[in-house]
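Comments concern the structure below.
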Amino acid sequence: MNDDTSSKLTISPDRLEKKFADYKPLYTESEALIEANRCLNCYDAPCISACPTGIDIPAFIKKIATGNIIGSAKVIFEANMLGYSTGRVCPVEDLCVGACVYNDLNYSPIQIGRLQRYATEKALEKEVSTGKKLFPRNSRKSEKKVALIGAGPASLACAAYLALDGVEAVIFEKDGLPGGLNTMAVAPYKFQTEDSINEANWILQHGVELKTGIEIGKDISLEQLIDEYDAVFIGIGLGTDSRLDLPGSDGPGVWGATDLIRQIKNNPDFSLPEDLNTALVIGGGNTAIDISRELAMLGAEDVRMLYRRSRKEMRGYDHEIVGASHYGVRLVENVTPLEVVRHGKKVKALKVSSTISDDTFELPCDWVVEAVGQLKHVSDVSPEIEVDEMGRLIVDSETRRTAHPKVYAGGDCINGGKEVVNAAQDGREAAFDMLKSWGISPSLHGKKYFKSFFTYNGH
Amino acid sequence: MADLSVNICGIESPNPFWLASAPPTNTGEQVMRGFDAGWGGAVWKTLGEPIVNVDSRFGAVDYSGTKIIGFNNIELITDRPLDANFKEIYEVKKQYPDNVVIVSLMVESKEEWREIIKRSEDAGADGLELNFGCPHGMCERGMGSAVGEEPKVLQEITSWAKEFSSVPVFVKLSPNVIDIRDPGIAAVKGGCDGISLINTIKSIIGVDLDTLVPKPSVGKESTHGGYCGPAIKPIALHMAAVLAKDPQINVPISGIGGISTWQDAAEFLALGATTIQICTAVMHYGYRIVDDMIDGLNNYLNEKGMRSTSELIGKAIPGFVEWGELDLNYDLIAKIDADKCIGCGLCYVACLDGAHQCIHTQKGPCHAWHGKPDHGFGPRTEVKPAVWHDGGDTAMSHVPFVDEEECIGCNLCMLVCPVPDCITMEEVSQAKVRESWADRVAKSRT
């Protein structure tokens, strides 16, 4: 990743997340070649259609196999400017890798995520060492300018495609660092904060301006942005942790999950208490699984997830549940929390009841972590923008345009909380629609990026 | 246990597997280790006036992650004194009287041939192999392939060797000719007892794209070398078969070229070779590979009910005919097993772009239709239910099907299919009688 003028954004290196080793380290050249050569180069490959951004996966893999790293990375970035982080954080087992035809042949599927990381990381290293940009800025300058709210993956992707076609893109971020959940929340054994900041810096170098510490609705209004800019992209993600407000939950030892993850990842002054033995995590989604695994990996002896239904109803990915179980995380099914029991100030137990019987019992513990979703905070931005009954911003499913003709949105704030790759896709679609509406043909994708049998037949 | 021993030109060999004249037979110590590993014979690294070699000497072609599918060298004949070589040959024969030692030779004048043949026989050689094949270096000095490419010279030198020799004389042929029968017949006319083929093929193995110097580089330069290894086996098989089939070639053949496994060896035997010579595979994996060659050939012969190697020799020759003799009325069509198909689409695109546009998918009609209004529309096989992610577009929705009326039976789909036995070529039962192009020509004449 590059370091130049825009990259003054840094973070103290002394953080708890640094204790985590990379669980899928960068391939060596020979590892990458062996894996790339295994790819069958399927025609109309199912991995492509399993990828929300439709990366031409066989094409980039074959380019790794021929030693054409620059070409490989370009195939990835053309479809997904966050190809570096998505290569590392995507739940590939449920997307491209899960769709690999080798699964049907009882072969090990191609490790697409690791190859994608290899291509992008090596190409970006090469960009620094040779000084030759993968994507030189388009010399044509458009008169248009776009404001993007929130510096997470959706806005970064959108801004990158706009900037490459000469549009002035300005991101407003209320925090000090860009990257959104890639910076604050992704499991540290997958991706760490420096990686996310480096990726954001790389995107900013293509001519994107970042203004930190500015909160929309407080420091500047959405209406003001709509007036001053040709379009506005809302990529504000979700809000703070939803809380259960259990009796006894006020006080130390009870956490919201994303808050706790952020402490581990970003706060240099944070550490786990010496006497943390038992942590109970309430929830059945991927955030609950992540924090459970992180606590177990950091040395908590006894980590249990409490879920109100059974494992098969859990929203978390199966491969993540299995991954956490390897570190000793256990699952308690069919329970719902009632009350945090304290001894003085200290948490002593969590009182729970069974959802399948009338039993009520106490589970002794030191910490309780609530991973029951995040609040939607779209209404903080502007009461004008329409939301659905789930609190999600309503957009056109193709263009990501809201009912307001100048306002687009993407990422978790429109889907209620999905993957980085979905946000990257939203950002790209919104950027392309803006460009098209201004008569600019996107330079990276003049052609349709996803080819299928149908396109050949005019369907 | 089948009898693997063979007799070639009166020389008894415990099995057909010989080490070819090359680096693995450079010294007595090596040849003895080779015999310990199980090799039946060895053709000694070519003797002649010792030369000076260059660094580097070898280059290779890797393909899709597989190392050394092709190999080339610019190494010359022995660079060790003749005295040392002959002393070691003598030692080897004394210690391994049942194994075959053939001495490969390459000198210039008649007198030199007389001298070196005498010394070889004195050392105990079971036979001689005249190296008329080496396509680099030595040919610039009027030897090796310079002889192999000139049938008259080849015949002349062969007749000298026969004149001086009391042991069988093999001639090793260069493949760098237009028709291998020309040097083959010349060798027979010169009186040879057997023919070894092929030597290496003239080649440039590649170019270093950083330095832009061809490989293998000697400083900032390179030269053409001799190409060998698994990639050349089909060329060698053809040349061996052509000679085996030719009535003018009435001597046994020692087959060489890209042999790495017992299957390769069995194919050479079936196409008429009596012994097999191997170098590149040994340079890659060592002498130990002969263990599976012996074991595998033995099991194969047992399975096929053949009691000895000699029952296999030449078995495939009757089936090797001219194109004009092939049956024009023989029909095949491709069948795709939908249960085995993994939906990779490789057969579809191969047929669409590289063959006859007769494979179609469930997803829609083929745009390269054959003028039939219903061509390629609609599935003709059961569509398997989707088994993977629920995005709607699954591997299984890609199971292609064959337009049997249009299929030309070319094999391409079967060849590209990564799934064993998923695509098979099935014979179309039909009433038409056998008719070849030669039959048609003959008919038109009458």
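Ligands are numbered from 1 in the order shown, chains are lettered A, B, ... in the order of the structure tokens, and residues start at 1 in each chain.
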Using DSSP assignments from the backbone, pull out every residue in range 237-386 of chain B that falls under strand (DSSP E) and give it to me as an MDAnalysis selection string.
chainID B and resid 253:256 273:278 332:336 359:360
Contacts of Arg114 in chain B at 8 Å (only C-alpha atoms; same-chain gap of 3+ positions) as a ChimeraX atom specification:
/B:110-111,117-118,160-161,164
Quick one: write out the picked residues with N, CA and C atoms as a PDB file, in the first residue's frame?
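Wrote it out as result-v2.pdb, contents follow:
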```
ATOM      1  N   LYS B 110      37.743 -43.225 -39.788  1.00  0.00           N
ATOM      2  CA  LYS B 110      37.614 -44.681 -39.783  1.00  0.00           C
ATOM      3  C   LYS B 110      38.565 -45.302 -38.769  1.00  0.00           C
ATOM      4  N   GLU B 111      39.783 -44.734 -38.720  1.00  0.00           N
ATOM      5  CA  GLU B 111      40.783 -45.263 -37.797  1.00  0.00           C
ATOM      6  C   GLU B 111      40.337 -45.101 -36.347  1.00  0.00           C
ATOM      7  N   ILE B 117      36.192 -48.986 -31.066  1.00  0.00           N
ATOM      8  CA  ILE B 117      35.377 -50.199 -31.023  1.00  0.00           C
ATOM      9  C   ILE B 117      36.168 -51.332 -30.373  1.00  0.00           C
ATOM     10  N   LYS B 118      37.444 -51.410 -30.722  1.00  0.00           N
ATOM     11  CA  LYS B 118      38.279 -52.458 -30.128  1.00  0.00           C
ATOM     12  C   LYS B 118      38.352 -52.292 -28.616  1.00  0.00           C
ATOM     13  N   TRP B 160      31.476 -49.397 -41.493  1.00  0.00           N
ATOM     14  CA  TRP B 160      32.791 -49.495 -40.845  1.00  0.00           C
ATOM     15  C   TRP B 160      32.647 -50.189 -39.499  1.00  0.00           C
ATOM     16  N   ALA B 161      31.646 -49.697 -38.704  1.00  0.00           N
ATOM     17  CA  ALA B 161      31.489 -50.238 -37.356  1.00  0.00           C
ATOM     18  C   ALA B 161      31.230 -51.736 -37.413  1.00  0.00           C
ATOM     19  N   PHE B 164      34.378 -53.625 -37.956  1.00  0.00           N
ATOM     20  CA  PHE B 164      35.328 -53.743 -36.845  1.00  0.00           C
ATOM     21  C   PHE B 164      34.747 -54.477 -35.648  1.00  0.00           C
TER      22      PHE B 164
END
```
Counting only C-alpha atoms, which residues from chain A have an atom at most 12 Å from any atom of chain B, and could you show them as a PyMOL selection string?
chain A and resi 29-52+58+62-67+92-107+452-459
All residues 10 Å or closer to range 265-277 of chain A, only C-alpha atoms, same chain fewer than 3 positions away omitted, as a PyMOL selection string
chain A and resi 11-18+183-188+192-194+253+259-262+295-296+298-303+365-367
Name the residues in contact with Thr287 in chain A at a cut-off of 8 Å, using only C-alpha atoms, excluding same-chain residues fewer than 6 positions from it; report them as a PyMOL selection string.
chain A and resi 257-258+316+371
Considering only C-alpha atoms, can you say which of A:Ile214, A:Val75, A:Ser292, A:Ser129 comes closest to His326 in chain A?
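Selected residue with least distance to His326 in chain A: A:Ser292.
Closest to Val347 in chain A among A:Ile69, A:Leu204, A:Ile394, A:Leu280 is A:Leu280, based on only C-alpha atoms.
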For range 142-159 of chain B: contacts at 9 Å, only C-alpha atoms, fewer than 4 positions along chain excluded, given as a PyMOL selection string
chain B and resi 106-108+110+113+130-138+163-164+169-177+182-192+199
When you count only C-alpha atoms, which of these residues is closest to Lys348 in chain A: A:Leu225, A:Val407, A:Val254, A:Leu375?
A:Val254
Identify which of the residues B:Gly296, B:Gly255, B:Pro216, B:Pro234 lies closest to Ile8 in chain B, counting only C-alpha atoms when measuring atom-to-atom distances.
B:Gly255
Members of range 65-143 of chain A assigned helix (DSSP H, G or I) by DSSP, as an MDAnalysis selection string
chainID A and resid 65 69:79 83:89 92:94 96:99 101:105 112:130
Please write the residues from the selection above to a file, keeping C-alpha atoms, as a PDB file, in the first residue's frame.
```
ATOM      1  CA  ALA A  65      -0.830 -18.280 -13.006  1.00  0.00           C
ATOM      2  CA  ILE A  69      -0.005  -9.658 -11.335  1.00  0.00           C
ATOM      3  CA  ILE A  70      -0.818  -6.144 -12.506  1.00  0.00           C
ATOM      4  CA  GLY A  71      -3.393  -7.476 -14.966  1.00  0.00           C
ATOM      5  CA  SER A  72      -4.838  -9.731 -12.297  1.00  0.00           C
ATOM      6  CA  ALA A  73      -5.288  -6.923  -9.769  1.00  0.00           C
ATOM      7  CA  LYS A  74      -6.880  -4.705 -12.398  1.00  0.00           C
ATOM      8  CA  VAL A  75      -9.520  -7.337 -13.157  1.00  0.00           C
ATOM      9  CA  ILE A  76     -10.349  -7.351  -9.439  1.00  0.00           C
ATOM     10  CA  PHE A  77     -10.346  -3.594  -8.878  1.00  0.00           C
ATOM     11  CA  GLU A  78     -12.329  -2.836 -12.000  1.00  0.00           C
ATOM     12  CA  ALA A  79     -15.222  -4.757 -10.476  1.00  0.00           C
ATOM     13  CA  GLY A  83     -10.883  -5.965  -3.722  1.00  0.00           C
ATOM     14  CA  TYR A  84      -8.032  -5.977  -1.235  1.00  0.00           C
ATOM     15  CA  SER A  85     -10.131  -5.990   1.936  1.00  0.00           C
ATOM     16  CA  THR A  86     -12.887  -8.151   0.485  1.00  0.00           C
ATOM     17  CA  GLY A  87     -10.260 -10.739  -0.470  1.00  0.00           C
ATOM     18  CA  ARG A  88      -9.517 -10.940   3.237  1.00  0.00           C
ATOM     19  CA  VAL A  89     -12.854 -10.375   4.951  1.00  0.00           C
ATOM     20  CA  VAL A  92     -15.958 -16.726   0.768  1.00  0.00           C
ATOM     21  CA  GLU A  93     -17.178 -20.097   2.021  1.00  0.00           C
ATOM     22  CA  ASP A  94     -20.694 -18.802   1.481  1.00  0.00           C
ATOM     23  CA  CYS A  96     -17.354 -17.619  -4.460  1.00  0.00           C
ATOM     24  CA  VAL A  97     -15.513 -20.510  -2.792  1.00  0.00           C
ATOM     25  CA  GLY A  98     -18.809 -22.120  -1.861  1.00  0.00           C
ATOM     26  CA  ALA A  99     -19.841 -22.004  -5.523  1.00  0.00           C
ATOM     27  CA  VAL A 101     -17.351 -26.530  -9.030  1.00  0.00           C
ATOM     28  CA  TYR A 102     -14.624 -28.473  -7.221  1.00  0.00           C
ATOM     29  CA  ASN A 103     -17.051 -28.774  -4.284  1.00  0.00           C
ATOM     30  CA  ASP A 104     -19.098 -31.080  -6.486  1.00  0.00           C
ATOM     31  CA  LEU A 105     -16.043 -33.132  -7.383  1.00  0.00           C
ATOM     32  CA  ILE A 112     -10.294 -17.494  -4.226  1.00  0.00           C
ATOM     33  CA  GLY A 113     -10.079 -15.057  -1.307  1.00  0.00           C
ATOM     34  CA  ARG A 114      -6.437 -15.836  -0.682  1.00  0.00           C
ATOM     35  CA  LEU A 115      -5.594 -15.532  -4.365  1.00  0.00           C
ATOM     36  CA  GLN A 116      -7.444 -12.230  -4.520  1.00  0.00           C
ATOM     37  CA  ARG A 117      -5.430 -10.984  -1.573  1.00  0.00           C
ATOM     38  CA  TYR A 118      -2.228 -12.161  -3.236  1.00  0.00           C
ATOM     39  CA  ALA A 119      -2.951 -10.398  -6.521  1.00  0.00           C
ATOM     40  CA  THR A 120      -4.055  -7.127  -4.959  1.00  0.00           C
ATOM     41  CA  GLU A 121      -1.403  -6.973  -2.251  1.00  0.00           C
ATOM     42  CA  LYS A 122       1.424  -7.811  -4.658  1.00  0.00           C
ATOM     43  CA  ALA A 123       0.171  -5.379  -7.291  1.00  0.00           C
ATOM     44  CA  LEU A 124      -0.081  -2.568  -4.769  1.00  0.00           C
ATOM     45  CA  GLU A 125       3.453  -3.341  -3.556  1.00  0.00           C
ATOM     46  CA  LYS A 126       4.554  -3.175  -7.166  1.00  0.00           C
ATOM     47  CA  GLU A 127       2.737   0.123  -7.606  1.00  0.00           C
ATOM     48  CA  VAL A 128       4.869   1.558  -4.811  1.00  0.00           C
ATOM     49  CA  SER A 129       8.139   0.005  -5.969  1.00  0.00           C
ATOM     50  CA  THR A 130       7.762   1.027  -9.610  1.00  0.00           C
TER      51      THR A 130
END
```
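When only C-alpha atoms are used to compute distances to Asp337 in chain B, the closest of the residues B:Cys422, B:Ala20, B:Val31, B:Val54 turns out to be B:Cys422.
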Skipping near chain neighbours, those fewer than 2 positions away, what residues fall within 12 Å of Thr274 in chain B using only C-alpha atoms, listed as a PyMOL selection string?
chain B and resi 4-13+15-18+194-197+240-241+244+251-256+265-272+276-277+308-315
Expected file: the selected residues, N, CA and C atoms, as a CSV table (one decimal), in the first residue's frame:
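The resulting part-v9.csv:
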```csv
chain,number,residue,atom,x,y,z
B,4,LEU,N,9.7,-60.9,-17.8
B,4,LEU,CA,9.9,-59.5,-18.4
B,4,LEU,C,11.2,-59.5,-19.2
B,5,SER,N,11.9,-60.6,-19.2
B,5,SER,CA,13.2,-60.6,-19.9
B,5,SER,C,13.0,-60.5,-21.4
B,6,VAL,N,14.0,-59.9,-22.1
B,6,VAL,CA,13.9,-59.8,-23.5
B,6,VAL,C,15.2,-60.1,-24.1
B,7,ASN,N,15.2,-60.5,-25.4
B,7,ASN,CA,16.4,-60.8,-26.2
B,7,ASN,C,16.4,-59.8,-27.3
B,8,ILE,N,17.4,-59.0,-27.4
B,8,ILE,CA,17.5,-58.0,-28.5
B,8,ILE,C,18.9,-58.3,-29.2
B,9,CYS,N,18.8,-58.6,-30.5
B,9,CYS,CA,20.0,-58.9,-31.3
B,9,CYS,C,20.9,-59.9,-30.6
B,10,GLY,N,20.3,-60.9,-29.9
B,10,GLY,CA,21.1,-61.9,-29.2
B,10,GLY,C,21.6,-61.5,-27.8
B,11,ILE,N,21.3,-60.3,-27.4
B,11,ILE,CA,21.7,-59.8,-26.1
B,11,ILE,C,20.5,-60.1,-25.2
B,12,GLU,N,20.8,-60.9,-24.1
B,12,GLU,CA,19.7,-61.1,-23.1
B,12,GLU,C,19.7,-60.0,-22.1
B,13,SER,N,18.5,-59.5,-21.8
B,13,SER,CA,18.3,-58.4,-20.8
B,13,SER,C,17.3,-58.9,-19.8
B,15,ASN,N,15.2,-57.3,-18.1
B,15,ASN,CA,13.9,-56.6,-18.4
B,15,ASN,C,14.2,-55.6,-19.5
B,16,PRO,N,13.1,-55.0,-20.0
B,16,PRO,CA,13.3,-54.1,-21.2
B,16,PRO,C,13.8,-52.7,-20.9
B,17,PHE,N,14.0,-52.5,-19.6
B,17,PHE,CA,14.3,-51.1,-19.1
B,17,PHE,C,15.8,-50.8,-19.1
B,18,TRP,N,16.2,-49.9,-20.0
B,18,TRP,CA,17.6,-49.5,-20.0
B,18,TRP,C,17.7,-48.0,-19.8
B,194,GLY,N,20.6,-53.4,-34.9
B,194,GLY,CA,19.4,-52.8,-34.2
B,194,GLY,C,19.4,-51.3,-34.4
B,195,ILE,N,18.2,-50.7,-34.2
B,195,ILE,CA,18.1,-49.2,-34.3
B,195,ILE,C,17.5,-48.7,-32.9
B,196,SER,N,18.2,-47.6,-32.4
B,196,SER,CA,17.7,-46.9,-31.3
B,196,SER,C,17.1,-45.6,-31.7
B,197,LEU,N,15.9,-45.3,-31.3
B,197,LEU,CA,15.4,-44.0,-31.6
B,197,LEU,C,14.3,-43.6,-30.6
B,240,ALA,N,9.1,-44.6,-34.0
B,240,ALA,CA,9.3,-46.0,-33.7
B,240,ALA,C,8.3,-46.9,-34.5
B,241,ALA,N,7.1,-46.5,-34.5
B,241,ALA,CA,6.0,-47.3,-35.1
B,241,ALA,C,6.2,-47.3,-36.7
B,244,ALA,N,8.9,-49.7,-37.2
B,244,ALA,CA,8.5,-51.1,-36.9
B,244,ALA,C,7.6,-51.7,-38.0
B,251,VAL,N,15.2,-55.1,-38.4
B,251,VAL,CA,16.0,-55.2,-37.2
B,251,VAL,C,15.2,-54.8,-36.0
B,252,PRO,N,15.6,-55.2,-34.8
B,252,PRO,CA,14.8,-54.8,-33.6
B,252,PRO,C,15.1,-53.3,-33.3
B,253,ILE,N,14.1,-52.8,-32.5
B,253,ILE,CA,14.1,-51.4,-32.2
B,253,ILE,C,14.2,-51.2,-30.7
B,254,SER,N,15.1,-50.2,-30.3
B,254,SER,CA,15.1,-49.8,-28.9
B,254,SER,C,14.5,-48.4,-28.8
B,255,GLY,N,13.4,-48.4,-28.1
B,255,GLY,CA,12.6,-47.1,-28.2
B,255,GLY,C,13.0,-46.1,-27.1
B,256,ILE,N,13.1,-44.9,-27.6
B,256,ILE,CA,13.5,-43.8,-26.7
B,256,ILE,C,12.7,-42.6,-27.0
B,265,ALA,N,6.1,-47.1,-21.5
B,265,ALA,CA,7.0,-48.2,-22.0
B,265,ALA,C,6.1,-49.2,-22.7
B,266,ALA,N,5.0,-49.5,-22.1
B,266,ALA,CA,4.1,-50.5,-22.7
B,266,ALA,C,3.6,-50.1,-24.1
B,267,GLU,N,3.4,-48.8,-24.2
B,267,GLU,CA,3.0,-48.2,-25.5
B,267,GLU,C,4.1,-48.4,-26.6
B,268,PHE,N,5.3,-48.1,-26.2
B,268,PHE,CA,6.4,-48.3,-27.1
B,268,PHE,C,6.6,-49.8,-27.5
B,269,LEU,N,6.5,-50.7,-26.5
B,269,LEU,CA,6.6,-52.1,-26.8
B,269,LEU,C,5.5,-52.5,-27.8
B,270,ALA,N,4.2,-52.0,-27.5
B,270,ALA,CA,3.1,-52.4,-28.3
B,270,ALA,C,3.3,-51.9,-29.8
B,271,LEU,N,4.0,-50.8,-29.9
B,271,LEU,CA,4.3,-50.3,-31.2
B,271,LEU,C,5.6,-50.7,-31.8
B,272,GLY,N,6.1,-51.8,-31.2
B,272,GLY,CA,7.2,-52.5,-31.9
B,272,GLY,C,8.6,-52.4,-31.3
B,276,ILE,N,13.5,-50.5,-24.0
B,276,ILE,CA,13.1,-49.1,-23.8
B,276,ILE,C,14.3,-48.4,-23.2
B,277,GLN,N,14.6,-47.2,-23.6
B,277,GLN,CA,15.6,-46.4,-23.0
B,277,GLN,C,15.1,-45.1,-22.4
B,308,SER,N,4.7,-63.0,-21.2
B,308,SER,CA,6.0,-62.4,-21.3
B,308,SER,C,6.0,-61.0,-22.0
B,309,THR,N,7.0,-60.2,-21.9
B,309,THR,CA,7.1,-59.0,-22.6
B,309,THR,C,7.0,-59.2,-24.1
B,310,SER,N,7.6,-60.3,-24.5
B,310,SER,CA,7.6,-60.4,-26.0
B,310,SER,C,6.2,-60.6,-26.6
B,311,GLU,N,5.3,-61.0,-25.8
B,311,GLU,CA,3.9,-61.2,-26.3
B,311,GLU,C,3.3,-59.8,-26.6
B,312,LEU,N,3.8,-58.8,-25.9
B,312,LEU,CA,3.2,-57.4,-26.1
B,312,LEU,C,3.9,-56.7,-27.3
B,313,ILE,N,5.1,-57.1,-27.6
B,313,ILE,CA,5.9,-56.4,-28.6
B,313,ILE,C,5.2,-56.4,-29.9
B,314,GLY,N,4.9,-55.2,-30.5
B,314,GLY,CA,4.3,-55.1,-31.8
B,314,GLY,C,2.8,-55.3,-31.9
B,315,LYS,N,2.2,-55.6,-30.7
B,315,LYS,CA,0.7,-55.9,-30.7
B,315,LYS,C,-0.1,-54.8,-31.3
```
CA of Arg401 in chain A to CA of Gly416 in chain A, straight-line distance in Å:
16.6 Å
How many Å separate CA of Ala438 in chain B from CA of Pro318 in chain B?
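Rounded to one decimal, the two atoms are 17.0 Å apart.
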Which residue is closest to Arg140 in chain A? Choose from A:Thr278, A:Asp165, A:Cys158, A:Gln205 and count only C-alpha atoms.
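Closest to Arg140 in chain A, using only C-alpha atoms: A:Asp165.
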